[in-house]
Structure formats: structure tokens, C-alpha cells
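target.pdb follows (PDB, C-alpha atoms and all ligand atoms):
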```
ATOM      1  CA  MET A   1      -8.166  14.230 -84.878
ATOM      2  CA  SER A   2      -6.560  11.980 -87.465
ATOM      3  CA  ALA A   3      -3.372  10.434 -86.158
ATOM      4  CA  LYS A   4      -0.011  10.652 -87.868
ATOM      5  CA  ILE A   5       1.335   7.239 -88.815
ATOM      6  CA  ILE A   6       4.667   6.296 -87.234
ATOM      7  CA  ASP A   7       6.464   4.580 -90.108
ATOM      8  CA  GLY A   8       8.459   1.778 -88.464
ATOM      9  CA  LYS A   9       9.738   0.558 -91.797
ATOM     10  CA  ALA A  10      11.270   3.922 -92.718
ATOM     11  CA  LEU A  11      12.739   4.441 -89.232
ATOM     12  CA  SER A  12      14.113   0.945 -89.321
ATOM     13  CA  LEU A  13      15.768   1.497 -92.721
ATOM     14  CA  SER A  14      17.416   4.706 -91.551
ATOM     15  CA  ILE A  15      18.793   2.985 -88.422
ATOM     16  CA  ARG A  16      20.012   0.113 -90.602
ATOM     17  CA  GLU A  17      22.062   2.595 -92.653
ATOM     18  CA  SER A  18      24.063   3.544 -89.559
ATOM     19  CA  LEU A  19      24.295  -0.128 -88.559
ATOM     20  CA  LYS A  20      25.865  -0.872 -91.965
ATOM     21  CA  THR A  21      28.594   1.628 -91.170
ATOM     22  CA  GLU A  22      29.167   0.080 -87.740
ATOM     23  CA  ALA A  23      29.240  -3.470 -89.154
ATOM     24  CA  ALA A  24      31.790  -2.399 -91.788
ATOM     25  CA  ARG A  25      33.886  -0.640 -89.117
ATOM     26  CA  PHE A  26      33.951  -3.852 -87.061
ATOM     27  CA  GLU A  27      34.977  -5.907 -90.089
ATOM     28  CA  SER A  28      37.807  -3.597 -91.092
ATOM     29  CA  LYS A  29      39.082  -3.322 -87.518
ATOM     30  CA  TYR A  30      38.856  -7.000 -86.525
ATOM     31  CA  GLY A  31      39.129  -8.837 -89.869
ATOM     32  CA  ARG A  32      35.838 -10.685 -89.713
ATOM     33  CA  LYS A  33      32.139  -9.924 -89.929
ATOM     34  CA  VAL A  34      29.934  -9.544 -86.873
ATOM     35  CA  GLY A  35      28.188 -12.929 -86.463
ATOM     36  CA  LEU A  36      24.671 -13.804 -85.324
ATOM     37  CA  ALA A  37      23.546 -17.400 -84.706
ATOM     38  CA  VAL A  38      19.822 -17.935 -85.327
ATOM     39  CA  ILE A  39      18.352 -21.116 -83.851
ATOM     40  CA  LYS A  40      14.904 -22.357 -84.770
ATOM     41  CA  ALA A  41      13.249 -25.589 -83.657
ATOM     42  CA  GLY A  42       9.956 -26.873 -85.028
ATOM     43  CA  ASN A  43       7.657 -25.537 -87.735
ATOM     44  CA  ASN A  44       5.793 -22.621 -86.183
ATOM     45  CA  PRO A  45       4.671 -20.650 -89.282
ATOM     46  CA  ALA A  46       5.092 -17.231 -87.622
ATOM     47  CA  SER A  47       8.608 -18.199 -86.481
ATOM     48  CA  GLU A  48       9.496 -19.178 -90.061
ATOM     49  CA  VAL A  49       8.630 -15.618 -91.185
ATOM     50  CA  TYR A  50      10.392 -13.898 -88.271
ATOM     51  CA  VAL A  51      13.572 -15.953 -88.725
ATOM     52  CA  ARG A  52      13.607 -15.300 -92.468
ATOM     53  CA  ASN A  53      13.303 -11.546 -91.806
ATOM     54  CA  LYS A  54      16.114 -11.647 -89.247
ATOM     55  CA  ILE A  55      18.466 -13.493 -91.611
ATOM     56  CA  LYS A  56      17.613 -11.085 -94.448
ATOM     57  CA  ALA A  57      18.291  -8.092 -92.176
ATOM     58  CA  CYS A  58      21.725  -9.548 -91.338
ATOM     59  CA  GLU A  59      22.522  -9.749 -95.071
ATOM     60  CA  ASP A  60      21.310  -6.172 -95.660
ATOM     61  CA  VAL A  61      23.499  -4.757 -92.916
ATOM     62  CA  GLY A  62      26.618  -6.889 -93.495
ATOM     63  CA  VAL A  63      26.314  -9.177 -90.483
ATOM     64  CA  LYS A  64      27.047 -12.900 -91.014
ATOM     65  CA  SER A  65      24.202 -15.153 -89.960
ATOM     66  CA  PHE A  66      24.646 -18.765 -88.889
ATOM     67  CA  SER A  67      21.335 -20.537 -89.245
ATOM     68  CA  TYR A  68      20.350 -23.708 -87.338
ATOM     69  CA  ASN A  69      17.038 -25.473 -87.932
ATOM     70  CA  PHE A  70      15.916 -28.355 -85.761
ATOM     71  CA  PRO A  71      12.876 -30.579 -86.294
ATOM     72  CA  GLU A  72       9.792 -30.456 -84.041
ATOM     73  CA  GLU A  73      10.931 -33.556 -82.138
ATOM     74  CA  THR A  74      14.270 -32.023 -81.071
ATOM     75  CA  GLY A  75      15.250 -32.526 -77.438
ATOM     76  CA  GLU A  76      16.905 -30.246 -74.910
ATOM     77  CA  ALA A  77      20.213 -32.130 -75.248
ATOM     78  CA  GLU A  78      20.721 -31.170 -78.910
ATOM     79  CA  LEU A  79      19.879 -27.528 -78.287
ATOM     80  CA  SER A  80      22.056 -27.348 -75.157
ATOM     81  CA  GLU A  81      24.991 -28.814 -77.046
ATOM     82  CA  LEU A  82      24.663 -26.274 -79.864
ATOM     83  CA  ILE A  83      24.280 -23.309 -77.485
ATOM     84  CA  ALA A  84      27.403 -24.397 -75.576
ATOM     85  CA  ALA A  85      29.380 -24.626 -78.831
ATOM     86  CA  LEU A  86      28.153 -21.189 -79.980
ATOM     87  CA  ASN A  87      28.995 -19.638 -76.596
ATOM     88  CA  GLY A  88      32.587 -20.685 -77.259
ATOM     89  CA  ASP A  89      32.687 -19.770 -80.963
ATOM     90  CA  ALA A  90      34.847 -16.676 -81.545
ATOM     91  CA  ASN A  91      33.002 -15.891 -84.817
ATOM     92  CA  VAL A  92      29.618 -15.651 -83.086
ATOM     93  CA  ASP A  93      28.777 -12.410 -81.272
ATOM     94  CA  GLY A  94      25.060 -12.925 -80.807
ATOM     95  CA  ILE A  95      22.832 -15.967 -80.281
ATOM     96  CA  LEU A  96      19.089 -16.013 -80.614
ATOM     97  CA  VAL A  97      16.738 -18.898 -79.969
ATOM     98  CA  GLN A  98      13.456 -18.197 -81.719
ATOM     99  CA  LEU A  99      10.457 -18.678 -79.433
ATOM    100  CA  PRO A 100       8.207 -20.556 -78.995
ATOM    101  CA  LEU A 101      10.203 -23.783 -78.766
ATOM    102  CA  PRO A 102       8.442 -27.125 -79.386
ATOM    103  CA  GLN A 103       6.438 -28.633 -76.536
ATOM    104  CA  GLY A 104       8.532 -30.518 -74.026
ATOM    105  CA  ILE A 105      11.478 -28.124 -74.249
ATOM    106  CA  ASP A 106      11.900 -25.834 -71.259
ATOM    107  CA  GLU A 107      12.357 -22.370 -72.814
ATOM    108  CA  LYS A 108      13.618 -20.739 -69.625
ATOM    109  CA  LYS A 109      16.235 -23.463 -69.235
ATOM    110  CA  MET A 110      17.426 -23.030 -72.831
ATOM    111  CA  LEU A 111      17.597 -19.212 -72.607
ATOM    112  CA  ALA A 112      19.609 -19.509 -69.383
ATOM    113  CA  LEU A 113      22.293 -21.462 -71.261
ATOM    114  CA  ILE A 114      23.088 -18.566 -73.604
ATOM    115  CA  SER A 115      26.082 -16.556 -72.456
ATOM    116  CA  PRO A 116      24.649 -13.186 -71.270
ATOM    117  CA  GLU A 117      27.317 -11.409 -73.367
ATOM    118  CA  LYS A 118      25.965 -13.110 -76.526
ATOM    119  CA  ASP A 119      22.277 -12.846 -75.609
ATOM    120  CA  ALA A 120      21.129 -10.865 -78.674
ATOM    121  CA  ASP A 121      17.488 -10.873 -77.527
ATOM    122  CA  GLY A 122      18.202  -9.639 -73.990
ATOM    123  CA  PHE A 123      16.130 -12.495 -72.542
ATOM    124  CA  HIS A 124      18.760 -13.937 -70.150
ATOM    125  CA  ALA A 125      18.078 -13.328 -66.447
ATOM    126  CA  VAL A 126      21.331 -11.353 -66.169
ATOM    127  CA  ASN A 127      20.120  -8.903 -68.822
ATOM    128  CA  ALA A 128      16.523  -8.847 -67.524
ATOM    129  CA  GLY A 129      17.899  -8.129 -64.043
ATOM    130  CA  GLY A 130      20.209  -5.444 -65.415
ATOM    131  CA  LEU A 131      17.224  -3.731 -67.007
ATOM    132  CA  MET A 132      15.397  -3.794 -63.684
ATOM    133  CA  LEU A 133      18.391  -2.372 -61.803
ATOM    134  CA  GLY A 134      19.373   0.181 -64.438
ATOM    135  CA  LEU A 135      22.715  -1.528 -65.160
ATOM    136  CA  PRO A 136      24.305  -1.638 -68.628
ATOM    137  CA  CYS A 137      22.672  -4.624 -70.353
ATOM    138  CA  THR A 138      21.280  -5.910 -73.634
ATOM    139  CA  LYS A 139      17.703  -4.717 -73.969
ATOM    140  CA  PRO A 140      14.928  -6.850 -75.482
ATOM    141  CA  CYS A 141      14.443  -5.913 -79.131
ATOM    142  CA  THR A 142      10.717  -5.170 -79.336
ATOM    143  CA  PRO A 143      10.646  -2.896 -76.258
ATOM    144  CA  ALA A 144      13.833  -1.112 -77.417
ATOM    145  CA  GLY A 145      12.162  -0.570 -80.800
ATOM    146  CA  ILE A 146       9.023   0.774 -79.112
ATOM    147  CA  ILE A 147      11.056   3.453 -77.326
ATOM    148  CA  GLU A 148      12.704   4.480 -80.633
ATOM    149  CA  LEU A 149       9.289   4.675 -82.312
ATOM    150  CA  ILE A 150       7.911   6.922 -79.549
ATOM    151  CA  LYS A 151      11.023   9.128 -79.601
ATOM    152  CA  SER A 152      10.730   9.487 -83.391
ATOM    153  CA  THR A 153       7.538  11.503 -82.867
ATOM    154  CA  GLY A 154       9.565  14.192 -81.100
ATOM    155  CA  GLU A 155       7.143  14.034 -78.137
ATOM    156  CA  ARG A 156       8.585  13.890 -74.616
ATOM    157  CA  ILE A 157       8.151  10.631 -72.699
ATOM    158  CA  ALA A 158       9.132  12.072 -69.292
ATOM    159  CA  GLY A 159       6.143  12.836 -67.093
ATOM    160  CA  LYS A 160       3.643  11.115 -69.412
ATOM    161  CA  ASN A 161       1.172   8.473 -68.274
ATOM    162  CA  ALA A 162       2.037   5.259 -70.107
ATOM    163  CA  VAL A 163      -0.181   2.176 -70.032
ATOM    164  CA  VAL A 164       1.309  -1.119 -71.192
ATOM    165  CA  ILE A 165      -1.296  -3.793 -71.913
ATOM    166  CA  GLY A 166       0.399  -7.180 -71.571
ATOM    167  CA  ARG A 167       2.903  -8.571 -69.091
ATOM    168  CA  SER A 168       5.040 -10.999 -71.104
ATOM    169  CA  ASN A 169       8.751 -11.321 -70.406
ATOM    170  CA  ILE A 170       9.434 -10.534 -74.082
ATOM    171  CA  VAL A 171       7.428  -7.316 -74.440
ATOM    172  CA  GLY A 172       5.144  -6.098 -71.624
ATOM    173  CA  LYS A 173       7.454  -6.224 -68.611
ATOM    174  CA  PRO A 174      10.611  -4.919 -70.335
ATOM    175  CA  ALA A 175       8.620  -2.223 -72.214
ATOM    176  CA  ALA A 176       7.313  -0.993 -68.853
ATOM    177  CA  MET A 177      10.865  -0.909 -67.446
ATOM    178  CA  LEU A 178      12.199   1.071 -70.426
ATOM    179  CA  LEU A 179       9.328   3.585 -70.218
ATOM    180  CA  LEU A 180      10.020   3.951 -66.505
ATOM    181  CA  ALA A 181      13.695   4.574 -67.290
ATOM    182  CA  GLU A 182      12.486   7.386 -69.593
ATOM    183  CA  ASN A 183      10.621   8.866 -66.586
ATOM    184  CA  ALA A 184       7.089   7.970 -67.700
ATOM    185  CA  THR A 185       4.521   7.085 -65.034
ATOM    186  CA  VAL A 186       3.852   3.490 -65.972
ATOM    187  CA  THR A 187       0.831   1.239 -65.404
ATOM    188  CA  ILE A 188       0.994  -2.408 -66.449
ATOM    189  CA  CYS A 189      -2.420  -3.828 -67.369
ATOM    190  CA  HIS A 190      -3.243  -7.383 -68.392
ATOM    191  CA  SER A 191      -6.020  -9.876 -69.003
ATOM    192  CA  LYS A 192      -7.161  -9.754 -65.352
ATOM    193  CA  THR A 193      -7.159  -5.939 -65.048
ATOM    194  CA  ALA A 194     -10.514  -4.648 -63.821
ATOM    195  CA  ASP A 195     -11.975  -1.730 -65.800
ATOM    196  CA  LEU A 196      -9.123  -1.523 -68.294
ATOM    197  CA  LYS A 197     -10.729   1.485 -69.960
ATOM    198  CA  SER A 198     -10.349   3.599 -66.809
ATOM    199  CA  HIS A 199      -6.582   3.115 -67.173
ATOM    200  CA  THR A 200      -6.270   3.534 -70.930
ATOM    201  CA  LYS A 201      -8.489   6.655 -70.996
ATOM    202  CA  ASN A 202      -5.896   8.333 -68.782
ATOM    203  CA  ALA A 203      -2.925   7.230 -70.895
ATOM    204  CA  ASP A 204      -0.804   9.605 -72.974
ATOM    205  CA  ILE A 205       1.006   6.551 -74.328
ATOM    206  CA  ILE A 206      -0.593   3.141 -74.895
ATOM    207  CA  VAL A 207       1.520   0.086 -75.711
ATOM    208  CA  ALA A 208      -0.815  -2.731 -76.777
ATOM    209  CA  ALA A 209       0.922  -6.101 -76.432
ATOM    210  CA  VAL A 210      -1.913  -8.383 -75.387
ATOM    211  CA  GLY A 211      -2.073 -10.663 -78.449
ATOM    212  CA  ILE A 212      -5.804 -10.242 -79.114
ATOM    213  CA  LYS A 213      -7.017  -8.936 -82.480
ATOM    214  CA  GLU A 214      -8.316  -5.320 -82.275
ATOM    215  CA  PHE A 215      -8.614  -5.507 -78.492
ATOM    216  CA  VAL A 216      -8.087  -1.759 -77.941
ATOM    217  CA  LYS A 217     -11.116   0.119 -79.275
ATOM    218  CA  GLY A 218     -11.358   3.811 -80.115
ATOM    219  CA  ASP A 219     -13.426   4.649 -77.018
ATOM    220  CA  MET A 220     -10.615   3.346 -74.787
ATOM    221  CA  ILE A 221      -8.156   5.931 -76.123
ATOM    222  CA  LYS A 222      -7.624   9.447 -74.797
ATOM    223  CA  ASP A 223      -7.652  12.206 -77.431
ATOM    224  CA  GLY A 224      -4.103  12.860 -78.602
ATOM    225  CA  ALA A 225      -2.535   9.683 -77.168
ATOM    226  CA  ILE A 226       0.429   7.960 -78.785
ATOM    227  CA  VAL A 227      -0.599   4.384 -79.617
ATOM    228  CA  ILE A 228       1.985   1.654 -80.200
ATOM    229  CA  ASP A 229       0.509  -1.584 -81.535
ATOM    230  CA  VAL A 230       2.661  -4.670 -80.939
ATOM    231  CA  GLY A 231      -0.041  -7.124 -82.075
ATOM    232  CA  MET A 232       0.549  -9.631 -84.891
ATOM    233  CA  ASN A 233      -2.721 -11.554 -85.060
ATOM    234  CA  ARG A 234      -3.370 -13.639 -88.146
ATOM    235  CA  ALA A 235      -7.017 -14.108 -89.130
ATOM    236  CA  ASP A 236      -8.717 -14.795 -92.462
ATOM    237  CA  GLY A 237      -5.396 -14.540 -94.277
ATOM    238  CA  LYS A 238      -4.688 -11.051 -92.937
ATOM    239  CA  LEU A 239      -2.553  -9.551 -90.220
ATOM    240  CA  TYR A 240      -4.325  -7.578 -87.475
ATOM    241  CA  GLY A 241      -2.926  -5.549 -84.622
ATOM    242  CA  ASP A 242      -4.090  -5.442 -81.008
ATOM    243  CA  VAL A 243      -5.661  -2.051 -81.763
ATOM    244  CA  ALA A 244      -8.793  -1.339 -83.838
ATOM    245  CA  PHE A 245      -6.791   0.872 -86.202
ATOM    246  CA  ASP A 246      -9.685   2.600 -88.015
ATOM    247  CA  GLN A 247     -11.166   3.731 -84.695
ATOM    248  CA  ALA A 248      -7.868   4.556 -83.016
ATOM    249  CA  ILE A 249      -6.666   6.774 -85.854
ATOM    250  CA  GLU A 250      -9.564   9.157 -85.066
ATOM    251  CA  LYS A 251      -8.439   9.541 -81.444
ATOM    252  CA  ALA A 252      -4.652   9.210 -81.316
ATOM    253  CA  SER A 253      -2.040  11.821 -82.247
ATOM    254  CA  TYR A 254       0.402   9.154 -83.463
ATOM    255  CA  ILE A 255      -0.127   5.462 -84.170
ATOM    256  CA  THR A 256       1.944   2.555 -85.478
ATOM    257  CA  PRO A 257       0.460   0.473 -88.310
ATOM    258  CA  VAL A 258       0.392  -3.326 -88.482
ATOM    259  CA  PRO A 259       2.331  -4.397 -90.435
ATOM    260  CA  GLY A 260       5.074  -1.780 -90.842
ATOM    261  CA  GLY A 261       5.256  -0.415 -87.285
ATOM    262  CA  VAL A 262       6.848  -2.343 -84.443
ATOM    263  CA  GLY A 263       7.794  -5.478 -86.466
ATOM    264  CA  PRO A 264      10.633  -4.006 -88.561
ATOM    265  CA  MET A 265      12.039  -2.239 -85.485
ATOM    266  CA  THR A 266      12.293  -5.525 -83.554
ATOM    267  CA  VAL A 267      14.522  -6.960 -86.262
ATOM    268  CA  THR A 268      16.641  -3.817 -86.494
ATOM    269  CA  MET A 269      17.192  -3.707 -82.725
ATOM    270  CA  LEU A 270      18.332  -7.343 -82.854
ATOM    271  CA  ILE A 271      21.052  -6.441 -85.347
ATOM    272  CA  LYS A 272      21.967  -3.389 -83.259
ATOM    273  CA  ASN A 273      22.300  -5.551 -80.135
ATOM    274  CA  THR A 274      24.510  -8.016 -82.002
ATOM    275  CA  ILE A 275      26.864  -5.334 -83.338
ATOM    276  CA  GLU A 276      27.089  -3.733 -79.881
ATOM    277  CA  SER A 277      27.885  -7.133 -78.315
ATOM    278  CA  ALA A 278      30.617  -7.676 -80.898
ATOM    279  CA  PHE A 279      32.338  -4.360 -80.095
ATOM    280  CA  ARG A 280      31.839  -4.806 -76.325
ATOM    281  CA  CYS A 281      33.509  -8.202 -76.383
ATOM    282  CA  LYS A 282      36.546  -6.816 -78.242
ATOM    283  CA  GLU A 283      36.852  -3.545 -76.392
ATOM    284  CA  ASN A 284      36.184  -4.501 -72.752
TER     285      ASN A 284
HETATM  286  N1  LIG A 301       9.217 -14.874 -80.528
HETATM  287  C1  LIG A 301       8.410 -13.789 -80.616
HETATM  288  N2  LIG A 301       9.131 -12.663 -80.518
HETATM  289  C2  LIG A 301      10.415 -13.028 -80.360
HETATM  290  C3  LIG A 301      11.621 -12.297 -80.213
HETATM  291  O1  LIG A 301      11.678 -11.063 -80.184
HETATM  292  N3  LIG A 301      12.751 -13.057 -80.095
HETATM  293  C4  LIG A 301      12.721 -14.419 -80.103
HETATM  294  N4  LIG A 301      13.877 -15.070 -79.952
HETATM  295  N5  LIG A 301      11.612 -15.123 -80.230
HETATM  296  C5  LIG A 301      10.464 -14.419 -80.359
END
```

How does the structure come out when it is put into C-alpha cells?
Amino acid sequence: MSAKIIDGKALSLSIRESLKTEAARFESKYGRKVGLAVIKAGNNPASEVYVRNKIKACEDVGVKSFSYNFPEETGEAELSELIAALNGDANVDGILVQLPLPQGIDEKKMLALISPEKDADGFHAVNAGGLMLGLPCTKPCTPAGIIELIKSTGERIAGKNAVVIGRSNIVGKPAAMLLLAENATVTICHSKTADLKSHTKNADIIVAAVGIKEFVKGDMIKDGAIVIDVGMNRADGKLYGDVAFDQAIEKASYITPVPGGVGPMTVTMLIKNTIESAFRCKEN
């Protein structure tokens, strides 16, 4: 079998078209653009790229971005002060703090300061808890994008065995919750899982979010599985996924490429979250 490629870039562009319409509808109804505050601290090279992509996506869709860059030696006080001001700023509908933050800054403490209504990333405990309990909440962008990518294949998620490799708060745990909400039977695997292959070989859907270059080999994949690769591993000037793509393509029915799979969807879901927050705040 040679897998079909799930084109995250194309899906992302088509979703962005409808987001443009929604952003314009907000502007004409409320007399201002939807606003997203993007906070970056330090010089993490990957963060520089992600933040640039997020700001560019705002421009493309017609969302106003407010960009804040702090040096590596920033303290919690400066960030706290800014987050408090943005929480109270009527032109800001979404706030995102790009992770990782510089050493010495408590990320959990900073994320907890963001008003849950403006939490564009869905990282606040109120939103994470809402996801767990099945309450209306802002969903983390990468996991939300993963669900859209799987649905774009036209395959049913309900009743499928899904294996998520990785248990981060940003991807693994919320991806598992969203798959469960879609009625998949979900197994969360991680670096300490014994005999990982025995789990993945039984998986109709594999979400690889472990952060290790080409960790998932072809012989770990069941014939016909859907493989979603969240990995962004930089080595010898190239970007590699968490899946050995050339092997996996021979086994899977559908697979996301790196780059051009999950990455663009993360950014698009961020803009979607921000526009939804903007309408929710006005209409509730
Ligand atoms: N760092 C890596 N991924 C993300 C993300 O989705 N959002 C934020 N804020 N930081 C990240």
C-alpha cells in the first residue's frame, strides 16, 4: 500500500478562507478587528519561526496581531504585568504566550494568569478541565488540527483504536481527550511504555507526538492505519517528523507530511480560536 498524503497546507488554506469571512463579519458588526496578542520571551529559534507564522496568518485572515518580544533575561513580573493589561484590553480577544519560556520563568504560573476567555491556545486549567469534562471550552490548537486532518480523510474515528505517542499537556493529553470525544478507543503511550510496538501494531490511528526524529518505524504500523506526525525535529539543516516517512508510506492508508501536515493546522486553529473567543465575548 502507498499512503495518500493528507495535505495540511491545503486544508489549512481552505479553513482560512472561511475564517476570513468570519473575521470580516466581526469587523463590520463590532467596528474593530479581532485582536490576538502574541507574547514571546527569549530567542528560541523554533519559537521565532512559529511566532512569525502566527503573525503572518493573522494578517492573511484579517485579524490584528499585537506582538510583544521580551529578552531572554525577562522576569515573571514583566510578563505578569503585560498579561494583566491584555486581559483588560477590549481590543484583545486572544492572548498567546509562546512556549518554552526562558529558564527561571514558571510557565504554568504565567499560563494561569491569562483570562480563560482569552486563552487562544486552550492551555489554561479551566479550558484543560473543560476538555476533560466535555464542557464548552477552547481546545488546544495542535490537537484540534489533528482531528480536522483525520476527518478530512472521510474515515470514521468512532470505534477505531487510536494510539497517541506522547503525553505532553500541549499535544498528547489533549489529543487523546479529543479522540475519546470522537468515540475512538484511545491508548496513550510514552517514553516509558513497555513494548510500544504491541500497541501501535493494533492502532487504526497513530498520533506521533514524542519529539524524537523518525521514532515510529514502518514495522510498528498496522497496514492501512492513519498516521499523524506531529514531530518537528531539526537535524542537519532539515526538518524531520517523529515518523520514518519513507517506511510509513508503504504501510499507512493516509499520512501527514513534515513539513506541511500538522504545522499549518496548528496556526489555523489558533486563529479560529481567537475569532470564536471574540464572538463569544460579544454575544454571551
Ligand atoms: N510551543 C510549541 N507549541 C506551541 C503552541 O501550540 N502554543 C504555544 N503558545 N507555544 C507552543

Using all atoms listed in the file, find each residue with an atom at most 6 Å away from ligand LIG 301 (chain A) and format the answer as a PyMOL selection string.
chain A and resi 96-100+121+141

Output check: residues returned by the PyMOL selection byres (((chain A and resi 230-236) around 8) and not hetatm), as a list in words
Val207, Ala208, Ala209, Val210, Gly211, Ile212, Lys213, Ile228, Asp229, Gly237, Lys238, Leu239, Tyr240, Gly241, Asp242, Val243, Val258, Pro259, Val262 and Gly263 of chain A

Nearby residues (all atoms listed in the file) at most 9 Å from A:Ser152, same-chain spacing under 4 positions excluded, as a PyMOL selection string:
chain A and resi 6+11+147-148

Would you compute the distance between atom CA of A:Ile271 and atom CA of A:Pro257? Give it in Å to one decimal.
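Result for atom CA of A:Ile271 versus atom CA of A:Pro257: 21.9 Å, one decimal.
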
Could you pull out every residue with an atom within 12 Å of (25.7, -12.0, -76.4), file coordinates, counting only C-alpha atoms, and send them as a PDB file with C-alpha atoms, in the coordinates of the input?
```pdb
ATOM      1  CA  VAL A  34      29.934  -9.544 -86.873  1.00  0.00           C
ATOM      2  CA  GLY A  35      28.188 -12.929 -86.463  1.00  0.00           C
ATOM      3  CA  LEU A  36      24.671 -13.804 -85.324  1.00  0.00           C
ATOM      4  CA  ALA A  37      23.546 -17.400 -84.706  1.00  0.00           C
ATOM      5  CA  ILE A  83      24.280 -23.309 -77.485  1.00  0.00           C
ATOM      6  CA  LEU A  86      28.153 -21.189 -79.980  1.00  0.00           C
ATOM      7  CA  ASN A  87      28.995 -19.638 -76.596  1.00  0.00           C
ATOM      8  CA  GLY A  88      32.587 -20.685 -77.259  1.00  0.00           C
ATOM      9  CA  ASP A  89      32.687 -19.770 -80.963  1.00  0.00           C
ATOM     10  CA  ALA A  90      34.847 -16.676 -81.545  1.00  0.00           C
ATOM     11  CA  ASN A  91      33.002 -15.891 -84.817  1.00  0.00           C
ATOM     12  CA  VAL A  92      29.618 -15.651 -83.086  1.00  0.00           C
ATOM     13  CA  ASP A  93      28.777 -12.410 -81.272  1.00  0.00           C
ATOM     14  CA  GLY A  94      25.060 -12.925 -80.807  1.00  0.00           C
ATOM     15  CA  ILE A  95      22.832 -15.967 -80.281  1.00  0.00           C
ATOM     16  CA  LEU A  96      19.089 -16.013 -80.614  1.00  0.00           C
ATOM     17  CA  VAL A  97      16.738 -18.898 -79.969  1.00  0.00           C
ATOM     18  CA  LEU A 111      17.597 -19.212 -72.607  1.00  0.00           C
ATOM     19  CA  ALA A 112      19.609 -19.509 -69.383  1.00  0.00           C
ATOM     20  CA  LEU A 113      22.293 -21.462 -71.261  1.00  0.00           C
ATOM     21  CA  ILE A 114      23.088 -18.566 -73.604  1.00  0.00           C
ATOM     22  CA  SER A 115      26.082 -16.556 -72.456  1.00  0.00           C
ATOM     23  CA  PRO A 116      24.649 -13.186 -71.270  1.00  0.00           C
ATOM     24  CA  GLU A 117      27.317 -11.409 -73.367  1.00  0.00           C
ATOM     25  CA  LYS A 118      25.965 -13.110 -76.526  1.00  0.00           C
ATOM     26  CA  ASP A 119      22.277 -12.846 -75.609  1.00  0.00           C
ATOM     27  CA  ALA A 120      21.129 -10.865 -78.674  1.00  0.00           C
ATOM     28  CA  ASP A 121      17.488 -10.873 -77.527  1.00  0.00           C
ATOM     29  CA  GLY A 122      18.202  -9.639 -73.990  1.00  0.00           C
ATOM     30  CA  PHE A 123      16.130 -12.495 -72.542  1.00  0.00           C
ATOM     31  CA  HIS A 124      18.760 -13.937 -70.150  1.00  0.00           C
ATOM     32  CA  VAL A 126      21.331 -11.353 -66.169  1.00  0.00           C
ATOM     33  CA  ASN A 127      20.120  -8.903 -68.822  1.00  0.00           C
ATOM     34  CA  CYS A 137      22.672  -4.624 -70.353  1.00  0.00           C
ATOM     35  CA  THR A 138      21.280  -5.910 -73.634  1.00  0.00           C
ATOM     36  CA  LYS A 139      17.703  -4.717 -73.969  1.00  0.00           C
ATOM     37  CA  PRO A 140      14.928  -6.850 -75.482  1.00  0.00           C
ATOM     38  CA  LEU A 270      18.332  -7.343 -82.854  1.00  0.00           C
ATOM     39  CA  ILE A 271      21.052  -6.441 -85.347  1.00  0.00           C
ATOM     40  CA  LYS A 272      21.967  -3.389 -83.259  1.00  0.00           C
ATOM     41  CA  ASN A 273      22.300  -5.551 -80.135  1.00  0.00           C
ATOM     42  CA  THR A 274      24.510  -8.016 -82.002  1.00  0.00           C
ATOM     43  CA  ILE A 275      26.864  -5.334 -83.338  1.00  0.00           C
ATOM     44  CA  GLU A 276      27.089  -3.733 -79.881  1.00  0.00           C
ATOM     45  CA  SER A 277      27.885  -7.133 -78.315  1.00  0.00           C
ATOM     46  CA  ALA A 278      30.617  -7.676 -80.898  1.00  0.00           C
ATOM     47  CA  PHE A 279      32.338  -4.360 -80.095  1.00  0.00           C
ATOM     48  CA  ARG A 280      31.839  -4.806 -76.325  1.00  0.00           C
ATOM     49  CA  CYS A 281      33.509  -8.202 -76.383  1.00  0.00           C
TER      50      CYS A 281
END
```
